[in-house]
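So this block is data_37.pdb, PDB, C-alpha atoms, pLDDT in the B column:
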```pdb
ATOM      1  CA  MET A   1    -198.402 -97.132-143.491  1.00 83.00           C
ATOM      2  CA  LEU A   2    -197.741 -93.729-141.972  1.00 84.00           C
ATOM      3  CA  VAL A   3    -198.005 -95.226-138.508  1.00 88.00           C
ATOM      4  CA  PHE A   4    -195.341 -97.814-139.333  1.00 86.00           C
ATOM      5  CA  LEU A   5    -193.065 -95.098-140.698  1.00 87.00           C
ATOM      6  CA  LEU A   6    -193.550 -93.084-137.526  1.00 89.00           C
ATOM      7  CA  ILE A   7    -192.849 -96.117-135.332  1.00 91.00           C
ATOM      8  CA  PHE A   8    -189.775 -96.932-137.420  1.00 88.00           C
ATOM      9  CA  LEU A   9    -188.438 -93.364-137.097  1.00 89.00           C
ATOM     10  CA  LEU A  10    -189.052 -93.384-133.351  1.00 91.00           C
ATOM     11  CA  LEU A  11    -187.224 -96.695-133.008  1.00 91.00           C
ATOM     12  CA  VAL A  12    -184.313 -95.418-135.093  1.00 91.00           C
ATOM     13  CA  PHE A  13    -184.169 -92.240-133.000  1.00 90.00           C
ATOM     14  CA  PHE A  14    -184.327 -94.333-129.793  1.00 91.00           C
ATOM     15  CA  PHE A  15    -181.502 -96.624-130.912  1.00 91.00           C
ATOM     16  CA  ILE A  16    -179.361 -93.693-132.076  1.00 93.00           C
ATOM     17  CA  PHE A  17    -179.933 -91.942-128.747  1.00 92.00           C
ATOM     18  CA  LYS A  18    -179.176 -95.144-126.843  1.00 94.00           C
ATOM     19  CA  PHE A  19    -176.008 -95.727-128.894  1.00 94.00           C
ATOM     20  CA  THR A  20    -174.856 -92.126-128.331  1.00 95.00           C
ATOM     21  CA  ALA A  21    -175.453 -92.400-124.590  1.00 94.00           C
ATOM     22  CA  ALA A  22    -173.512 -95.661-124.484  1.00 94.00           C
ATOM     23  CA  ILE A  23    -170.588 -94.124-126.391  1.00 96.00           C
ATOM     24  CA  VAL A  24    -170.551 -91.100-124.053  1.00 95.00           C
ATOM     25  CA  ALA A  25    -170.601 -93.380-121.012  1.00 96.00           C
ATOM     26  CA  ILE A  26    -167.755 -95.507-122.392  1.00 97.00           C
ATOM     27  CA  VAL A  27    -165.654 -92.437-123.182  1.00 97.00           C
ATOM     28  CA  ALA A  28    -166.336 -91.033-119.688  1.00 97.00           C
ATOM     29  CA  ILE A  29    -165.323 -94.315-118.058  1.00 97.00           C
ATOM     30  CA  ILE A  30    -162.140 -94.572-120.135  1.00 97.00           C
ATOM     31  CA  GLY A  31    -161.273 -90.924-119.495  1.00 97.00           C
ATOM     32  CA  GLY A  32    -161.884 -91.214-115.757  1.00 96.00           C
ATOM     33  CA  THR A  33    -159.868 -94.401-115.485  1.00 97.00           C
ATOM     34  CA  THR A  34    -156.989 -92.874-117.438  1.00 98.00           C
ATOM     35  CA  THR A  35    -157.028 -89.743-115.271  1.00 97.00           C
ATOM     36  CA  ILE A  36    -157.030 -91.732-112.035  1.00 98.00           C
ATOM     37  CA  THR A  37    -154.212 -93.960-113.314  1.00 98.00           C
ATOM     38  CA  VAL A  38    -152.037 -91.007-114.379  1.00 98.00           C
ATOM     39  CA  LEU A  39    -152.585 -89.124-111.116  1.00 97.00           C
ATOM     40  CA  THR A  40    -151.772 -92.248-109.096  1.00 97.00           C
ATOM     41  CA  CYS A  41    -148.563 -92.796-111.062  1.00 97.00           C
ATOM     42  CA  VAL A  42    -147.509 -89.171-110.587  1.00 97.00           C
ATOM     43  CA  TRP A  43    -148.204 -89.406-106.850  1.00 96.00           C
ATOM     44  CA  LEU A  44    -146.229 -92.650-106.495  1.00 96.00           C
ATOM     45  CA  VAL A  45    -143.238 -91.378-108.495  1.00 96.00           C
ATOM     46  CA  THR A  46    -143.188 -88.102-106.580  1.00 94.00           C
ATOM     47  CA  SER A  47    -143.389 -89.867-103.215  1.00 91.00           C
ATOM     48  CA  TYR A  48    -140.640 -92.293-104.178  1.00 93.00           C
ATOM     49  CA  SER A  49    -138.315 -89.578-105.471  1.00 93.00           C
ATOM     50  CA  LEU A  50    -138.861 -87.478-102.332  1.00 89.00           C
ATOM     51  CA  ARG A  51    -138.105 -90.478-100.103  1.00 88.00           C
ATOM     52  CA  THR A  52    -134.929 -91.346-102.008  1.00 90.00           C
ATOM     53  CA  SER A  53    -133.708 -87.741-101.945  1.00 88.00           C
ATOM     54  CA  GLY A  54    -133.989 -87.632 -98.146  1.00 85.00           C
ATOM     55  CA  TYR A  55    -137.062 -85.447 -97.808  1.00 85.00           C
ATOM     56  CA  ASN A  56    -138.504 -85.478 -94.311  1.00 84.00           C
ATOM     57  CA  ARG A  57    -141.795 -83.697 -93.673  1.00 83.00           C
ATOM     58  CA  SER A  58    -141.014 -82.691 -90.080  1.00 85.00           C
ATOM     59  CA  SER A  59    -137.603 -81.264 -90.976  1.00 86.00           C
ATOM     60  CA  ALA A  60    -139.138 -79.388 -93.910  1.00 85.00           C
ATOM     61  CA  GLU A  61    -141.767 -77.859 -91.622  1.00 90.00           C
ATOM     62  CA  GLN A  62    -139.083 -76.933 -89.090  1.00 92.00           C
ATOM     63  CA  THR A  63    -136.996 -75.307 -91.842  1.00 91.00           C
ATOM     64  CA  TYR A  64    -140.061 -73.413 -93.060  1.00 94.00           C
ATOM     65  CA  ARG A  65    -140.779 -72.121 -89.541  1.00 95.00           C
ATOM     66  CA  GLN A  66    -137.125 -71.041 -89.163  1.00 96.00           C
ATOM     67  CA  VAL A  67    -137.155 -69.184 -92.498  1.00 96.00           C
ATOM     68  CA  ASP A  68    -140.468 -67.530 -91.607  1.00 96.00           C
ATOM     69  CA  SER A  69    -139.060 -66.466 -88.241  1.00 96.00           C
ATOM     70  CA  ASP A  70    -135.935 -65.056 -89.892  1.00 96.00           C
ATOM     71  CA  LEU A  71    -138.014 -63.116 -92.416  1.00 97.00           C
ATOM     72  CA  ASN A  72    -140.193 -61.663 -89.656  1.00 96.00           C
ATOM     73  CA  ARG A  73    -137.051 -60.597 -87.779  1.00 97.00           C
ATOM     74  CA  ILE A  74    -135.638 -58.967 -90.926  1.00 97.00           C
ATOM     75  CA  VAL A  75    -138.919 -57.123 -91.527  1.00 96.00           C
ATOM     76  CA  GLY A  76    -138.829 -55.866 -87.938  1.00 95.00           C
ATOM     77  CA  ASN A  77    -135.237 -54.672 -88.378  1.00 96.00           C
ATOM     78  CA  LEU A  78    -136.134 -52.871 -91.606  1.00 96.00           C
ATOM     79  CA  GLN A  79    -139.085 -51.145 -89.954  1.00 95.00           C
ATOM     80  CA  GLU A  80    -136.833 -50.062 -87.100  1.00 95.00           C
ATOM     81  CA  MET A  81    -134.263 -48.673 -89.569  1.00 94.00           C
ATOM     82  CA  ARG A  82    -137.006 -46.819 -91.455  1.00 93.00           C
ATOM     83  CA  PHE A  83    -138.220 -45.264 -88.196  1.00 93.00           C
ATOM     84  CA  GLU A  84    -134.675 -44.188 -87.284  1.00 91.00           C
ATOM     85  CA  LEU A  85    -134.099 -42.729 -90.761  1.00 88.00           C
ATOM     86  CA  GLU A  86    -137.329 -40.748 -90.502  1.00 89.00           C
ATOM     87  CA  GLU A  87    -136.040 -39.258 -87.231  1.00 88.00           C
ATOM     88  CA  VAL A  88    -132.709 -38.123 -88.715  1.00 86.00           C
ATOM     89  CA  GLU A  89    -134.025 -37.082 -92.149  1.00 84.00           C
ATOM     90  CA  PRO A  90    -134.340 -33.345 -91.306  1.00 81.00           C
ATOM     91  CA  TYR A  91    -130.745 -33.269 -90.035  1.00 79.00           C
ATOM     92  CA  LEU A  92    -129.487 -35.036 -93.122  1.00 77.00           C
ATOM     93  CA  ARG A  93    -131.236 -32.496 -95.355  1.00 76.00           C
ATOM     94  CA  ASP A  94    -129.560 -29.651 -93.434  1.00 74.00           C
ATOM     95  CA  ILE A  95    -126.148 -31.282 -93.824  1.00 74.00           C
ATOM     96  CA  GLU A  96    -126.720 -31.762 -97.553  1.00 67.00           C
ATOM     97  CA  PHE A  97    -127.704 -28.100 -97.908  1.00 67.00           C
ATOM     98  CA  LEU A  98    -124.605 -26.962 -96.002  1.00 65.00           C
ATOM     99  CA  ARG A  99    -122.330 -29.129 -98.123  1.00 66.00           C
ATOM    100  CA  TYR A 100    -123.494 -27.434-101.302  1.00 66.00           C
ATOM    101  CA  ALA A 101    -123.612 -24.001 -99.699  1.00 63.00           C
ATOM    102  CA  ARG A 102    -119.891 -24.139 -98.801  1.00 61.00           C
ATOM    103  CA  GLN A 103    -118.712 -24.785-102.336  1.00 62.00           C
ATOM    104  CA  LYS A 104    -117.066 -21.913-104.089  1.00 62.00           C
ATOM    105  CA  PRO A 105    -118.576 -20.922-107.382  1.00 61.00           C
ATOM    106  CA  HIS A 106    -116.385 -21.931-110.297  1.00 62.00           C
ATOM    107  CA  THR A 107    -115.117 -19.028-112.357  1.00 56.00           C
ATOM    108  CA  GLU A 108    -113.763 -19.448-115.796  1.00 56.00           C
ATOM    109  CA  ASN A 109    -110.736 -17.431-116.854  1.00 50.00           C
TER
END
```

Kindly return the structure encoded in the file as structure tokens.
Amino acid sequence: MLVFLLIFLLLVFFFIFKFTAAIVAIVAIIGGTTTITVLTCVWLVTSYSLRTSGYNRSSAEQTYRQVDSDLNRIVGNLQEMRFELEEVEPYLRDIEFLRYARQKPHTEN
């Protein structure tokens, strides 16, 4: 009798485990299919909207290169200005000192 109970419990455990594995597999398949479908729809809608708005990959890359070139030129100009300001900084400090040194002290009557 105990052997039959043990066999019955093992069979119940086996069928529960098998059922759980089947449910997990079904949920994984449904989830994967849904994810692939949503990503495909997003890709198609994005591609279509870009095509209808006049997006062209080569012109976008050319615009990006032009903007990058302009930014590099601006950075170079700013570095050149910083270097020139560092050269004239001591003279500017002297001029600032002289401007305040020439002021007459204010006297109150």

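Separating CA of Ile30 (chain A) from CA of Leu44 (chain A) is a distance of 21.0 Å.
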
Quiz prompt | Computed interatomic separation between CA of Asn77 (chain A) and CA of Glu89 (chain A) (Å) | solution =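 About the pair CA of Asn77 (chain A) and CA of Glu89 (chain A): they are 18.0 Å apart.
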
Quiz item: At what distance in Å, to one decimal, does CA of Leu50 (chain A) lie from CA of Thr63 (chain A)?
Solution: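 Those two atoms sit 16.2 Å apart.
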
Fill-in result for region 13-36 of chain A, N, CA and C atoms as an mmCIF file, keeping the file's coordinate frame:
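Output file result-v3.cif is given in full below:
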```cif
data_model
loop_
_atom_site.group_PDB
_atom_site.id
_atom_site.type_symbol
_atom_site.label_atom_id
_atom_site.label_comp_id
_atom_site.auth_asym_id
_atom_site.auth_seq_id
_atom_site.Cartn_x
_atom_site.Cartn_y
_atom_site.Cartn_z
ATOM 1 N N PHE A 13 -184.603 -93.320 -133.887
ATOM 2 C CA PHE A 13 -184.169 -92.240 -133.000
ATOM 3 C C PHE A 13 -183.794 -92.787 -131.627
ATOM 4 N N PHE A 14 -184.597 -93.737 -131.098
ATOM 5 C CA PHE A 14 -184.327 -94.333 -129.793
ATOM 6 C C PHE A 14 -182.986 -95.065 -129.806
ATOM 7 N N PHE A 15 -182.749 -95.863 -130.850
ATOM 8 C CA PHE A 15 -181.502 -96.624 -130.912
ATOM 9 C C PHE A 15 -180.292 -95.710 -131.128
ATOM 10 N N ILE A 16 -180.454 -94.657 -131.899
ATOM 11 C CA ILE A 16 -179.361 -93.693 -132.076
ATOM 12 C C ILE A 16 -179.068 -92.993 -130.754
ATOM 13 N N PHE A 17 -180.116 -92.594 -130.045
ATOM 14 C CA PHE A 17 -179.933 -91.942 -128.747
ATOM 15 C C PHE A 17 -179.285 -92.891 -127.751
ATOM 16 N N LYS A 18 -179.737 -94.139 -127.744
ATOM 17 C CA LYS A 18 -179.176 -95.144 -126.843
ATOM 18 C C LYS A 18 -177.706 -95.405 -127.177
ATOM 19 N N PHE A 19 -177.386 -95.512 -128.454
ATOM 20 C CA PHE A 19 -176.008 -95.727 -128.894
ATOM 21 C C PHE A 19 -175.127 -94.545 -128.509
ATOM 22 N N THR A 20 -175.622 -93.327 -128.686
ATOM 23 C CA THR A 20 -174.856 -92.126 -128.331
ATOM 24 C C THR A 20 -174.608 -92.070 -126.830
ATOM 25 N N ALA A 21 -175.621 -92.401 -126.040
ATOM 26 C CA ALA A 21 -175.453 -92.400 -124.590
ATOM 27 C C ALA A 21 -174.446 -93.450 -124.158
ATOM 28 N N ALA A 22 -174.475 -94.612 -124.814
ATOM 29 C CA ALA A 22 -173.512 -95.661 -124.484
ATOM 30 C C ALA A 22 -172.090 -95.231 -124.835
ATOM 31 N N ILE A 23 -171.918 -94.604 -125.979
ATOM 32 C CA ILE A 23 -170.588 -94.124 -126.391
ATOM 33 C C ILE A 23 -170.088 -93.072 -125.411
ATOM 34 N N VAL A 24 -170.946 -92.139 -125.014
ATOM 35 C CA VAL A 24 -170.551 -91.100 -124.053
ATOM 36 C C VAL A 24 -170.163 -91.733 -122.726
ATOM 37 N N ALA A 25 -170.918 -92.711 -122.278
ATOM 38 C CA ALA A 25 -170.601 -93.380 -121.012
ATOM 39 C C ALA A 25 -169.273 -94.120 -121.105
ATOM 40 N N ILE A 26 -169.029 -94.785 -122.216
ATOM 41 C CA ILE A 26 -167.755 -95.507 -122.392
ATOM 42 C C ILE A 26 -166.585 -94.539 -122.411
ATOM 43 N N VAL A 27 -166.732 -93.443 -123.130
ATOM 44 C CA VAL A 27 -165.654 -92.437 -123.182
ATOM 45 C C VAL A 27 -165.422 -91.841 -121.798
ATOM 46 N N ALA A 28 -166.478 -91.586 -121.042
ATOM 47 C CA ALA A 28 -166.336 -91.033 -119.688
ATOM 48 C C ALA A 28 -165.624 -92.021 -118.780
ATOM 49 N N ILE A 29 -165.973 -93.303 -118.888
ATOM 50 C CA ILE A 29 -165.323 -94.315 -118.058
ATOM 51 C C ILE A 29 -163.846 -94.438 -118.421
ATOM 52 N N ILE A 30 -163.541 -94.466 -119.704
ATOM 53 C CA ILE A 30 -162.140 -94.572 -120.135
ATOM 54 C C ILE A 30 -161.354 -93.336 -119.712
ATOM 55 N N GLY A 31 -161.949 -92.163 -119.896
ATOM 56 C CA GLY A 31 -161.273 -90.924 -119.495
ATOM 57 C C GLY A 31 -161.038 -90.853 -118.004
ATOM 58 N N GLY A 32 -162.030 -91.231 -117.219
ATOM 59 C CA GLY A 32 -161.884 -91.214 -115.757
ATOM 60 C C GLY A 32 -160.840 -92.204 -115.283
ATOM 61 N N THR A 33 -160.853 -93.393 -115.861
ATOM 62 C CA THR A 33 -159.868 -94.401 -115.485
ATOM 63 C C THR A 33 -158.454 -93.951 -115.844
ATOM 64 N N THR A 34 -158.304 -93.372 -117.020
ATOM 65 C CA THR A 34 -156.989 -92.874 -117.438
ATOM 66 C C THR A 34 -156.513 -91.758 -116.515
ATOM 67 N N THR A 35 -157.394 -90.849 -116.161
ATOM 68 C CA THR A 35 -157.028 -89.743 -115.271
ATOM 69 C C THR A 35 -156.604 -90.257 -113.904
ATOM 70 N N ILE A 36 -157.371 -91.183 -113.349
ATOM 71 C CA ILE A 36 -157.030 -91.732 -112.035
ATOM 72 C C ILE A 36 -155.695 -92.466 -112.095
#
```
